[in-house]
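Colleague: For reference, this is data-v8.tsv, and it has TSV, C-alpha atoms.
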chain	number	residue	atom	x	y	z
M	22	PHE	CA	0.00	0.00	0.00
M	23	GLU	CA	1.80	3.11	-1.11
M	24	GLU	CA	1.00	6.74	-1.53
M	25	LEU	CA	-2.29	6.89	0.30
M	26	PRO	CA	-3.61	10.33	1.22
M	27	GLN	CA	-3.89	11.62	4.75
M	28	LYS	CA	-7.38	10.58	5.72
M	29	CYS	CA	-8.89	7.54	4.02
M	30	LEU	CA	-12.24	5.87	4.07
M	31	ILE	CA	-11.69	2.17	3.44
M	32	VAL	CA	-14.49	0.17	1.83
M	33	PRO	CA	-13.85	-3.59	1.83
M	34	PHE	CA	-16.19	-5.77	-0.25
M	35	THR	CA	-17.11	-9.09	1.37
M	36	SER	CA	-19.89	-11.61	1.01
M	37	GLU	CA	-23.14	-12.05	2.88
M	38	THR	CA	-22.97	-15.77	3.59
M	39	GLY	CA	-20.18	-18.21	4.30
M	40	LEU	CA	-19.08	-21.42	2.62
M	41	CYS	CA	-17.24	-19.48	-0.04
M	42	GLY	CA	-13.63	-20.43	0.53
M	43	GLY	CA	-10.99	-17.87	1.46
M	44	VAL	CA	-12.43	-14.69	-0.10
M	45	ASN	CA	-13.48	-12.99	3.09
M	46	SER	CA	-10.43	-13.84	5.17
M	47	PHE	CA	-8.18	-12.48	2.41
M	48	ILE	CA	-10.09	-9.23	2.41
M	49	SER	CA	-9.94	-8.97	6.20
M	50	LYS	CA	-6.20	-9.54	6.12
M	51	SER	CA	-5.70	-6.93	3.41
M	52	THR	CA	-7.81	-4.43	5.28
M	53	LYS	CA	-5.82	-4.99	8.46
M	54	ARG	CA	-2.58	-4.51	6.51
M	55	CYS	CA	-3.91	-1.33	4.95
M	56	VAL	CA	-4.98	0.10	8.31
M	57	LYS	CA	-1.60	-0.77	9.80
M	58	ALA	CA	0.24	0.84	6.89
M	59	LEU	CA	-1.78	4.02	7.25
M	60	ILE	CA	-1.33	4.22	11.00
M	61	ASP	CA	2.42	3.56	10.72
M	62	ASP	CA	2.61	6.45	8.29
M	63	GLY	CA	0.83	8.70	10.72
M	64	LYS	CA	-2.34	8.83	8.65
M	65	ASP	CA	-5.91	8.29	9.67
M	66	CYS	CA	-8.60	6.00	8.39
M	67	ASN	CA	-12.09	4.65	8.93
M	68	ILE	CA	-13.93	1.69	7.49
M	69	VAL	CA	-17.32	1.13	5.91
M	70	VAL	CA	-17.83	-2.61	5.49
M	71	VAL	CA	-19.93	-4.05	2.68
M	72	GLY	CA	-21.19	-7.56	3.46
M	73	GLU	CA	-22.12	-9.36	6.64
M	74	LYS	CA	-19.13	-11.72	6.69
M	75	GLY	CA	-16.65	-8.88	6.64
M	76	ARG	CA	-18.45	-7.10	9.42
M	77	SER	CA	-18.34	-10.07	11.75
M	78	GLN	CA	-14.72	-10.85	10.92
M	79	MET	CA	-13.40	-7.33	11.34
M	80	ARG	CA	-15.60	-6.35	14.24
M	81	ARG	CA	-13.17	-7.37	16.94
M	82	PRO	CA	-9.73	-6.41	15.64
M	83	LEU	CA	-10.76	-3.20	13.85
M	84	GLY	CA	-13.96	-2.44	15.74
M	85	GLU	CA	-13.28	1.19	16.59
M	86	LYS	CA	-12.46	2.02	12.99
M	87	ILE	CA	-15.72	0.77	11.57
M	88	LEU	CA	-18.19	3.58	10.94
M	89	THR	CA	-21.03	1.62	9.45
M	90	SER	CA	-21.67	-1.50	7.46
M	91	ALA	CA	-23.96	-2.52	4.64
M	92	SER	CA	-25.39	-5.98	5.19
M	93	GLY	CA	-28.15	-7.80	3.42
M	94	VAL	CA	-26.75	-6.91	0.03
M	95	GLN	CA	-27.58	-9.73	-2.36
M	96	TYR	CA	-25.43	-10.67	-5.29
M	97	PRO	CA	-25.91	-10.09	-8.20
M	98	GLY	CA	-26.75	-6.49	-7.65
M	99	SER	CA	-27.82	-3.92	-10.14
M	100	PHE	CA	-26.53	-0.45	-10.75
M	101	ALA	CA	-29.42	0.83	-8.64
M	102	LEU	CA	-28.03	-1.16	-5.73
M	103	ALA	CA	-24.58	0.30	-6.25
M	104	SER	CA	-26.11	3.76	-6.34
M	105	SER	CA	-27.81	3.32	-2.98
M	106	LEU	CA	-24.62	1.86	-1.50
M	107	SER	CA	-22.65	4.80	-2.79
M	108	THR	CA	-25.17	7.24	-1.28
M	109	GLU	CA	-24.37	5.73	2.12
M	110	VAL	CA	-20.65	5.93	1.49
M	111	ILE	CA	-20.81	9.50	0.21
M	112	LYS	CA	-22.72	10.53	3.33
M	113	GLU	CA	-19.96	9.10	5.55
M	114	PHE	CA	-17.31	10.57	3.29
M	115	LYS	CA	-18.68	14.08	3.54
M	116	GLU	CA	-19.37	13.88	7.27
M	117	GLY	CA	-15.90	12.58	8.08
M	118	ASP	CA	-14.14	15.01	5.73
M	119	PHE	CA	-11.98	12.32	4.15
M	120	ASP	CA	-9.46	12.82	1.35
M	121	ALA	CA	-10.03	9.65	-0.56
M	122	LEU	CA	-11.76	6.30	-0.69
M	123	VAL	CA	-9.91	3.01	-0.83
M	124	PHE	CA	-11.89	0.11	-2.28
M	125	ILE	CA	-10.53	-3.30	-1.29
M	126	TYR	CA	-11.95	-6.17	-3.29
M	127	ASN	CA	-11.11	-9.50	-4.89
M	128	HIS	CA	-10.36	-9.18	-8.55
M	129	TYR	CA	-11.49	-12.14	-10.63
M	130	LEU	CA	-8.71	-13.61	-12.80
M	131	ASN	CA	-10.05	-17.02	-13.81
M	132	PRO	CA	-12.29	-19.68	-12.28
M	133	ALA	CA	-9.46	-20.90	-10.08
M	134	THR	CA	-7.75	-17.69	-9.00
M	135	TYR	CA	-8.57	-14.25	-7.71
M	136	GLN	CA	-6.34	-11.52	-6.46
M	137	GLN	CA	-6.80	-8.84	-3.83
M	138	MET	CA	-6.79	-5.40	-5.31
M	139	TYR	CA	-7.29	-1.97	-3.97
M	140	GLN	CA	-8.44	1.11	-5.77
M	141	VAL	CA	-8.01	4.66	-4.58
M	142	VAL	CA	-10.71	7.10	-5.59
M	143	SER	CA	-10.13	10.73	-4.80
M	144	MET	CA	-12.96	13.16	-4.64
M	145	PRO	CA	-11.94	16.79	-4.90
M	146	LYS	CA	-13.31	18.60	-1.90
M	147	ASN	CA	-13.56	22.00	-3.41
M	148	SER	CA	-14.69	21.73	-6.98
M	149	SER	CA	-12.25	24.22	-8.40
M	150	GLU	CA	-8.90	23.35	-6.92
M	151	GLY	CA	-6.76	20.70	-8.54
M	152	ASN	CA	-9.61	19.65	-10.74
M	153	PHE	CA	-8.78	18.79	-14.33
M	154	LEU	CA	-12.24	19.84	-15.39
M	155	VAL	CA	-11.60	23.50	-14.62
M	156	GLY	CA	-11.15	24.47	-18.25
M	157	TYR	CA	-14.44	22.93	-19.32
M	158	GLU	CA	-17.55	24.89	-20.17
M	159	CYS	CA	-20.83	23.80	-18.79
M	160	ASP	CA	-24.35	24.38	-19.97
M	161	GLY	CA	-25.75	24.24	-16.47
M	162	GLU	CA	-24.25	25.06	-13.10
M	163	TRP	CA	-20.55	24.05	-13.19
M	164	ASP	CA	-20.19	23.27	-9.47
M	165	GLU	CA	-23.33	21.25	-9.27
M	166	THR	CA	-22.63	19.32	-12.46
M	167	VAL	CA	-19.10	18.41	-11.44
M	168	ASP	CA	-20.19	17.36	-7.96
M	169	SER	CA	-22.97	15.20	-9.34
M	170	MET	CA	-20.65	13.70	-11.89
M	171	TYR	CA	-18.16	12.68	-9.23
M	172	GLU	CA	-20.93	11.02	-7.27
M	173	TYR	CA	-21.98	9.16	-10.40
M	174	MET	CA	-18.38	8.13	-11.00
M	175	LEU	CA	-18.19	6.85	-7.45
M	176	ALA	CA	-21.33	4.80	-7.95
M	177	SER	CA	-19.89	3.32	-11.17
M	178	GLN	CA	-16.66	2.48	-9.41
M	179	MET	CA	-18.55	0.81	-6.56
M	180	PHE	CA	-20.60	-1.16	-9.07
M	181	TYR	CA	-17.43	-2.34	-10.79
M	182	CYS	CA	-15.70	-3.41	-7.55
M	183	TYR	CA	-18.88	-5.00	-6.25
M	184	MET	CA	-19.37	-7.04	-9.43
M	185	ASP	CA	-15.73	-8.10	-9.50
M	186	ALA	CA	-15.83	-9.15	-5.86
M	187	GLY	CA	-19.10	-10.97	-6.52
M	188	ALA	CA	-17.59	-12.91	-9.43
M	189	SER	CA	-14.60	-13.93	-7.29
M	190	GLU	CA	-16.95	-14.99	-4.53
M	191	GLN	CA	-18.98	-17.15	-6.91
M	192	SER	CA	-15.91	-18.87	-8.34
M	193	SER	CA	-14.44	-19.39	-4.89
M	194	ARG	CA	-17.74	-20.82	-3.67
M	195	MET	CA	-17.86	-23.19	-6.65
M	196	ALA	CA	-14.32	-24.39	-5.93
M	197	ALA	CA	-15.04	-24.77	-2.22
M	198	MET	CA	-18.22	-26.72	-2.91
M	199	GLU	CA	-16.45	-29.00	-5.38
M	200	ASN	CA	-13.72	-29.73	-2.85
M	201	ALA	CA	-16.28	-30.38	-0.14
M	202	THR	CA	-18.17	-32.78	-2.39
M	203	LYS	CA	-14.97	-34.60	-3.32
M	204	ASN	CA	-13.89	-34.89	0.32
M	205	ALA	CA	-17.32	-36.12	1.34
M	206	GLY	CA	-17.19	-38.73	-1.44
M	207	GLU	CA	-13.80	-39.98	-0.27
M	208	MET	CA	-15.04	-40.11	3.29
M	209	ILE	CA	-18.06	-42.14	2.24
M	210	ASP	CA	-15.79	-44.61	0.45
M	211	SER	CA	-13.46	-45.13	3.39
M	212	LEU	CA	-16.31	-45.38	5.87
M	213	THR	CA	-18.06	-47.96	3.68
M	214	LEU	CA	-14.93	-50.09	3.72
M	215	ARG	CA	-14.69	-49.82	7.50
M	216	TYR	CA	-18.35	-50.69	7.86
M	217	ASN	CA	-17.98	-53.80	5.69
M	218	ARG	CA	-14.91	-54.93	7.56
M	219	ALA	CA	-16.65	-54.47	10.91
M	220	ARG	CA	-19.73	-56.32	9.67
M	221	GLN	CA	-17.66	-59.20	8.36
M	222	SER	CA	-15.62	-59.51	11.54
M	223	ARG	CA	-18.79	-59.57	13.64
M	224	ILE	CA	-20.27	-62.30	11.46
M	225	THR	CA	-17.02	-64.25	11.72
M	226	THR	CA	-17.06	-63.90	15.50
M	227	GLU	CA	-20.66	-65.13	15.68
M	228	LEU	CA	-19.84	-68.08	13.45
M	229	ILE	CA	-16.88	-69.01	15.60
M	230	GLU	CA	-18.99	-68.86	18.72
M	231	ILE	CA	-21.71	-71.00	17.20
M	232	ILE	CA	-19.23	-73.50	15.79
M	233	SER	CA	-17.22	-73.78	18.99
M	234	GLY	CA	-20.48	-74.10	20.95
M	235	ALA	CA	-21.64	-76.83	18.55
M	236	SER	CA	-18.34	-78.69	18.62
M	237	ALA	CA	-18.26	-78.44	22.41
M	238	LEU	CA	-21.72	-80.07	22.53
M	239	GLU	CA	-20.60	-82.77	20.06
M	240	GLY	CA	-17.50	-83.43	22.05
M	241	LYS	CA	-19.70	-84.35	25.03
E	14	MET	CA	-14.12	12.60	-33.60
E	15	THR	CA	-14.01	9.70	-31.20
E	16	LEU	CA	-16.99	8.64	-29.15
E	17	ASN	CA	-17.00	6.54	-26.00
E	18	PHE	CA	-20.56	5.66	-25.03
E	19	SER	CA	-20.89	3.43	-21.99
E	20	LEU	CA	-23.38	2.20	-19.42
E	21	PRO	CA	-22.42	0.65	-16.09
E	22	HIS	CA	-23.21	-2.84	-17.31
E	23	GLU	CA	-22.25	-2.57	-20.94
E	24	THR	CA	-20.11	-0.51	-23.30
E	25	ILE	CA	-21.94	0.48	-26.43
E	26	TYR	CA	-19.15	2.34	-28.21
E	27	ALA	CA	-15.49	2.48	-27.32
E	28	GLY	CA	-13.32	4.62	-29.50
E	29	ALA	CA	-15.83	4.75	-32.34
E	30	GLU	CA	-15.29	7.29	-35.10
E	31	VAL	CA	-18.39	9.38	-35.59
E	32	SER	CA	-19.04	12.66	-37.33
E	33	GLN	CA	-21.44	14.24	-34.86
E	34	VAL	CA	-23.23	13.55	-31.61
E	35	ILE	CA	-26.35	15.41	-30.51
E	36	ILE	CA	-26.61	15.42	-26.75
E	37	PRO	CA	-29.69	16.29	-24.65
E	38	GLY	CA	-28.07	18.60	-22.11
E	39	GLU	CA	-29.58	20.54	-19.25
E	40	ALA	CA	-29.98	23.72	-21.25
E	41	GLY	CA	-31.23	21.91	-24.32
E	42	GLU	CA	-29.87	19.75	-27.11
E	43	TYR	CA	-26.45	20.59	-28.43
E	44	GLY	CA	-24.37	19.02	-31.13
E	45	VAL	CA	-20.74	18.08	-30.78
E	46	THR	CA	-18.43	17.87	-33.77
E	47	VAL	CA	-14.69	17.75	-34.04
E	48	ASN	CA	-12.82	20.64	-32.35
E	49	HIS	CA	-15.68	21.51	-30.07
E	50	VAL	CA	-14.66	23.39	-26.89
E	51	PRO	CA	-14.21	21.14	-23.86
E	52	ILE	CA	-17.54	20.92	-22.12
E	53	ILE	CA	-19.10	18.95	-19.32
E	54	SER	CA	-22.83	18.52	-19.20
E	55	GLN	CA	-25.43	16.73	-17.15
E	56	LEU	CA	-27.95	14.99	-19.36
E	57	GLN	CA	-31.70	15.37	-19.27
E	58	PRO	CA	-33.93	12.42	-20.23
E	59	GLY	CA	-33.99	12.69	-23.97
E	60	VAL	CA	-32.70	11.40	-27.25
E	61	LEU	CA	-29.02	10.97	-27.95
E	62	GLN	CA	-28.29	10.97	-31.68
E	63	ILE	CA	-25.11	9.57	-33.13
E	64	ILE	CA	-24.33	10.41	-36.73
E	65	HIS	CA	-21.80	7.97	-38.08
E	66	GLU	CA	-18.95	8.89	-40.35
E	67	ASP	CA	-19.01	6.16	-42.88
E	68	GLY	CA	-21.11	6.14	-45.99
E	69	GLY	CA	-24.54	7.72	-45.83
E	70	GLY	CA	-24.06	9.18	-42.36
E	71	GLU	CA	-26.87	7.20	-40.77
E	72	THR	CA	-28.27	8.47	-37.51
E	73	GLU	CA	-28.55	6.18	-34.53
E	74	LYS	CA	-30.96	7.23	-31.82
E	75	TYR	CA	-30.88	6.18	-28.19
E	76	PHE	CA	-33.15	7.28	-25.41
E	77	VAL	CA	-31.06	8.10	-22.34
E	78	ALA	CA	-32.49	8.57	-18.88
E	79	GLY	CA	-29.75	10.88	-17.62
E	80	GLY	CA	-26.02	10.72	-17.19
E	81	TYR	CA	-23.05	12.88	-18.10
E	82	ALA	CA	-21.29	13.91	-21.25
E	83	LEU	CA	-17.76	15.23	-21.37
E	84	THR	CA	-16.00	16.55	-24.41
E	85	HIS	CA	-12.26	16.80	-24.17
E	86	GLU	CA	-9.74	18.92	-26.00
E	87	ASN	CA	-8.58	16.19	-28.31
E	88	SER	CA	-12.11	15.78	-29.69
E	89	VAL	CA	-12.86	12.71	-27.63
E	90	THR	CA	-16.38	12.66	-26.25
E	91	ASP	CA	-17.36	10.46	-23.35
E	92	VAL	CA	-21.02	9.82	-22.72
E	93	THR	CA	-22.02	7.72	-19.75
E	94	CYS	CA	-25.56	6.93	-18.62
E	95	PRO	CA	-27.21	4.60	-16.13
E	96	GLU	CA	-29.51	3.31	-18.86
E	97	ALA	CA	-29.94	3.77	-22.58
E	98	VAL	CA	-32.30	2.05	-25.00
E	99	LYS	CA	-32.67	2.18	-28.75
E	100	LEU	CA	-35.83	3.99	-29.78
E	101	ASP	CA	-37.09	0.90	-31.61
E	102	ASP	CA	-37.02	-1.08	-28.39
E	103	ILE	CA	-39.42	1.25	-26.57
E	104	ASP	CA	-42.98	-0.03	-26.16
E	105	PRO	CA	-45.52	2.84	-26.50
E	106	ASP	CA	-48.16	1.09	-24.39
E	107	ALA	CA	-45.78	0.56	-21.50
E	108	VAL	CA	-44.74	4.20	-21.70
E	109	SER	CA	-48.33	5.50	-21.52
E	110	LYS	CA	-49.15	3.15	-18.67
E	111	ASN	CA	-46.08	4.20	-16.69
E	112	TYR	CA	-46.88	7.83	-17.33
E	113	ASP	CA	-50.42	7.45	-16.01
E	114	THR	CA	-49.25	5.60	-12.92
E	115	ALA	CA	-46.66	8.28	-12.23
E	116	LYS	CA	-49.25	11.01	-12.75
E	117	THR	CA	-51.58	9.43	-10.19
E	118	ALA	CA	-48.75	9.00	-7.73
E	119	HIS	CA	-47.75	12.60	-8.22
E	120	ALA	CA	-51.26	13.87	-7.61
E	121	SER	CA	-51.75	11.80	-4.47
E	122	ALA	CA	-48.36	12.47	-2.89
E	123	GLU	CA	-47.74	15.13	-0.29
E	124	LEU	CA	-46.62	18.48	-1.62
E	125	GLY	CA	-42.84	18.79	-1.49
E	126	SER	CA	-42.29	15.23	-0.31
E	127	LEU	CA	-39.73	12.79	-1.66
E	128	ALA	CA	-42.51	10.64	-3.13
E	129	GLN	CA	-43.83	13.56	-5.10
E	130	ALA	CA	-40.36	14.42	-6.42
E	131	GLU	CA	-39.82	10.82	-7.49
E	132	ALA	CA	-43.21	10.71	-9.20
E	133	GLN	CA	-42.42	13.95	-10.96
E	134	ILE	CA	-39.13	12.58	-12.25
E	135	GLU	CA	-40.93	9.49	-13.52
E	136	MET	CA	-43.54	11.60	-15.24
E	137	GLU	CA	-40.95	13.77	-16.97
E	138	THR	CA	-38.88	10.80	-18.06
E	139	ASN	CA	-41.89	8.98	-19.45
E	140	LYS	CA	-43.07	12.12	-21.19
E	141	ALA	CA	-39.68	12.54	-22.81
E	142	MET	CA	-39.68	8.87	-23.79
E	143	GLY	CA	-43.11	9.31	-25.31
E	144	ALA	CA	-42.02	12.42	-27.20
E	145	ALA	CA	-39.02	10.53	-28.55
E	146	ILE	CA	-41.20	7.89	-30.16
E	147	GLY	CA	-43.81	10.39	-31.32
E	148	LEU	CA	-46.31	9.85	-28.54
E	149	THR	CA	-47.80	12.93	-26.90
E	150	LEU	CA	-48.62	12.49	-23.24
E	151	ALA	CA	-50.54	15.13	-21.35
Can the structure from this file be put into structure tokens for me?
Modeller:
Amino acid sequence: FEELPQKCLIVPFTSETGLCGGVNSFISKSTKRCVKALIDDGKDCNIVVVGEKGRSQMRRPLGEKILTSASGVQYPGSFALASSLSTEVIKEFKEGDFDALVFIYNHYLNPATYQQMYQVVSMPKNSSEGNFLVGYECDGEWDETVDSMYEYMLASQMFYCYMDAGASEQSSRMAAMENATKNAGEMIDSLTLRYNRARQSRITTELIEIISGASALEGK
Amino acid sequence: MTLNFSLPHETIYAGAEVSQVIIPGEAGEYGVTVNHVPIISQLQPGVLQIIHEDGGGETEKYFVAGGYALTHENSVTDVTCPEAVKLDDIDPDAVSKNYDTAKTAHASAELGSLAQAEAQIEMETNKAMGAAIGLTLA
């Protein structure tokens, strides 16, 4: 994690339910690393967690950093969902007077692998300073238009990260389920063998008892 | 000039060469050709027209529900909208029905409330959609 601005709002994307392999623990680890890096550098940060799993995992170690969390978000979402999420985030962003947002999510590479990525999104506080759009004309109100456009850009960015994280979660869940099924199958096989062996040894024992009982009677 | 036209879930044009784009901005429709001044505009619900360069210069029309259009110095125009549909794909009956529902909601909502504002937005969008396909809604 390099070159992060002074005050960051971290938004990690996690899943709602479990049984999806390592996605959520990777995100928690990355978030912890990011927070540590910021604090070591003397910077400040807060967290807005997306997804129930992340909230429960990060509640204890990073509890005081968490501002709010968005749970009950079902995948796949639509852009409308991303817009409402981003409204929440923007509210926290403006209230806390942050410099930038850091999205932490799993980037989908292929059905077997995903990689943790982070994306820094800066929102200019005052519309005119350091803004590359200063030279542009506008047919409405410049300040308003630029502000709204940045909010829209944020919503798009959230949608992108959310979808990417969702795809990684799905592939990880598929892999986890396949492994679980395979392991269960192997367990069934080995247990069946044990069961048969136990059954056969019990039958053998009974036979021996009966035969020795019978031969004892005969012997008399 | 180059046009990038994208929606959150799909990119319609990336780096396409077009001769002109007519954009429904806040202050009205304006056309963008090569060497236009850099401009940023918030879009109203309306019709976006793309006039292609090749051959007969056919016009492609999309209805957009909002969004932003930026024109940069190097004659690259970016248009991004939450939703855009081709005019042919719009169903006039659905539009009239939606307009009537929105009108009723608008009339029954409290003055100045969020519900009324939402109903008003729906009404205006449906009206613009209707106008785009030649349907006049009162």
Colleague: Counting only C-alpha atoms, which residues from chain E have an atom at most 12 Å from any atom of chain M, and could you show them as a PyMOL selection string?
Modeller: chain E and resi 19-23+36-43+49-57+79-86+92-96
Colleague: Which is closer to Phe119 (chain M) than all the others in M:Ser189, M:Gln136, M:Gln27, M:Thr202, using only C-alpha atoms?
Modeller: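 Residue with the minimum atom-to-atom distance to Phe119 (chain M): M:Gln27.
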Colleague: So, counting only C-alpha atoms, which residue among M:Ser36, M:Ser211, M:Thr225, M:Asn204 is closest to Glu190 (chain M)?
Modeller: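 Going through M:Ser36, M:Ser211, M:Thr225, M:Asn204 one by one, the smallest distance to Glu190 (chain M) is for M:Ser36.
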Colleague: Figure out the distance between CA of Leu148 (chain E) and CA of Asn111 (chain E), please, to one decimal in Å.
Modeller: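 Taking CA of Asn111 (chain E) as the start and CA of Leu148 (chain E) as the end point, the length is 13.1 Å.
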Colleague: For the atom pair CA of Met195 (chain M) and CA of Lys74 (chain M), what is the interatomic distance in Å to one decimal place?
Modeller: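 Going from CA of Met195 (chain M) over to CA of Lys74 (chain M), I get 17.6 Å.
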Colleague: Which neighbours of region 98-107 of chain E fall inside 9 Å, counting only C-alpha atoms, when residues of the same chain fewer than 4 positions from it are skipped, and could you give them as number ranges by chain?
Modeller: E: 60, 73-78, 111-112, 142-143, 145-146, 148
Colleague: In Å, how far is it from CA of Ala128 (chain E) to CA of Gly59 (chain E)?
Modeller: 22.6 Å
Colleague: I want to know what sits within 12 Å of Gly63 (chain M), based on all atoms listed in the file, with residues of the same chain fewer than 2 positions away left out; could you give that as a PyMOL selection string?
Modeller: chain M and resi 25-29+56-61+65-66
Colleague: M:Tyr129, M:Tyr135, M:Phe114, M:Tyr216: which is nearest Ala188 (chain M), counting only C-alpha atoms?
Modeller: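 Using only C-alpha atoms, the shortest distance to Ala188 (chain M) belongs to M:Tyr129.
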Colleague: Could you please fill out region 132-147 of chain E with N, CA, C and O atoms and send it back as a JSON list (two decimals), in the coordinates of the input?
Modeller:
[["chain", "number", "residue", "atom", "x", "y", "z"],
["E", 132, "ALA", "N", -42.14, 10.87, -8.21],
["E", 132, "ALA", "CA", -43.21, 10.71, -9.20],
["E", 132, "ALA", "C", -43.04, 11.73, -10.32],
["E", 132, "ALA", "O", -43.27, 11.43, -11.49],
["E", 133, "GLN", "N", -42.60, 12.92, -9.94],
["E", 133, "GLN", "CA", -42.42, 13.95, -10.96],
["E", 133, "GLN", "C", -41.32, 13.56, -11.93],
["E", 133, "GLN", "O", -41.45, 13.72, -13.14],
["E", 134, "ILE", "N", -40.23, 13.01, -11.39],
["E", 134, "ILE", "CA", -39.13, 12.58, -12.25],
["E", 134, "ILE", "C", -39.62, 11.49, -13.20],
["E", 134, "ILE", "O", -39.32, 11.50, -14.39],
["E", 135, "GLU", "N", -40.42, 10.57, -12.66],
["E", 135, "GLU", "CA", -40.93, 9.49, -13.52],
["E", 135, "GLU", "C", -41.80, 10.04, -14.62],
["E", 135, "GLU", "O", -41.72, 9.62, -15.77],
["E", 136, "MET", "N", -42.65, 11.00, -14.25],
["E", 136, "MET", "CA", -43.54, 11.60, -15.24],
["E", 136, "MET", "C", -42.73, 12.24, -16.36],
["E", 136, "MET", "O", -42.99, 12.02, -17.55],
["E", 137, "GLU", "N", -41.73, 13.06, -15.95],
["E", 137, "GLU", "CA", -40.95, 13.77, -16.97],
["E", 137, "GLU", "C", -40.19, 12.80, -17.87],
["E", 137, "GLU", "O", -40.11, 13.00, -19.08],
["E", 138, "THR", "N", -39.63, 11.76, -17.25],
["E", 138, "THR", "CA", -38.88, 10.80, -18.06],
["E", 138, "THR", "C", -39.79, 10.08, -19.04],
["E", 138, "THR", "O", -39.46, 9.93, -20.22],
["E", 139, "ASN", "N", -40.97, 9.68, -18.56],
["E", 139, "ASN", "CA", -41.89, 8.98, -19.45],
["E", 139, "ASN", "C", -42.39, 9.89, -20.56],
["E", 139, "ASN", "O", -42.58, 9.48, -21.69],
["E", 140, "LYS", "N", -42.60, 11.16, -20.19],
["E", 140, "LYS", "CA", -43.07, 12.12, -21.19],
["E", 140, "LYS", "C", -42.01, 12.29, -22.28],
["E", 140, "LYS", "O", -42.33, 12.28, -23.47],
["E", 141, "ALA", "N", -40.75, 12.40, -21.84],
["E", 141, "ALA", "CA", -39.68, 12.54, -22.81],
["E", 141, "ALA", "C", -39.56, 11.29, -23.68],
["E", 141, "ALA", "O", -39.33, 11.37, -24.89],
["E", 142, "MET", "N", -39.73, 10.13, -23.03],
["E", 142, "MET", "CA", -39.68, 8.87, -23.79],
["E", 142, "MET", "C", -40.78, 8.85, -24.82],
["E", 142, "MET", "O", -40.60, 8.44, -25.97],
["E", 143, "GLY", "N", -41.98, 9.29, -24.39],
["E", 143, "GLY", "CA", -43.11, 9.31, -25.31],
["E", 143, "GLY", "C", -42.83, 10.24, -26.48],
["E", 143, "GLY", "O", -43.05, 9.92, -27.63],
["E", 144, "ALA", "N", -42.31, 11.45, -26.16],
["E", 144, "ALA", "CA", -42.02, 12.42, -27.20],
["E", 144, "ALA", "C", -41.02, 11.86, -28.18],
["E", 144, "ALA", "O", -41.09, 12.10, -29.40],
["E", 145, "ALA", "N", -40.06, 11.07, -27.67],
["E", 145, "ALA", "CA", -39.02, 10.53, -28.55],
["E", 145, "ALA", "C", -39.61, 9.58, -29.58],
["E", 145, "ALA", "O", -39.12, 9.51, -30.71],
["E", 146, "ILE", "N", -40.64, 8.81, -29.19],
["E", 146, "ILE", "CA", -41.20, 7.89, -30.16],
["E", 146, "ILE", "C", -42.44, 8.46, -30.81],
["E", 146, "ILE", "O", -43.20, 7.74, -31.47],
["E", 147, "GLY", "N", -42.72, 9.74, -30.62],
["E", 147, "GLY", "CA", -43.81, 10.39, -31.32],
["E", 147, "GLY", "C", -45.14, 10.26, -30.63],
["E", 147, "GLY", "O", -46.20, 10.37, -31.23]]
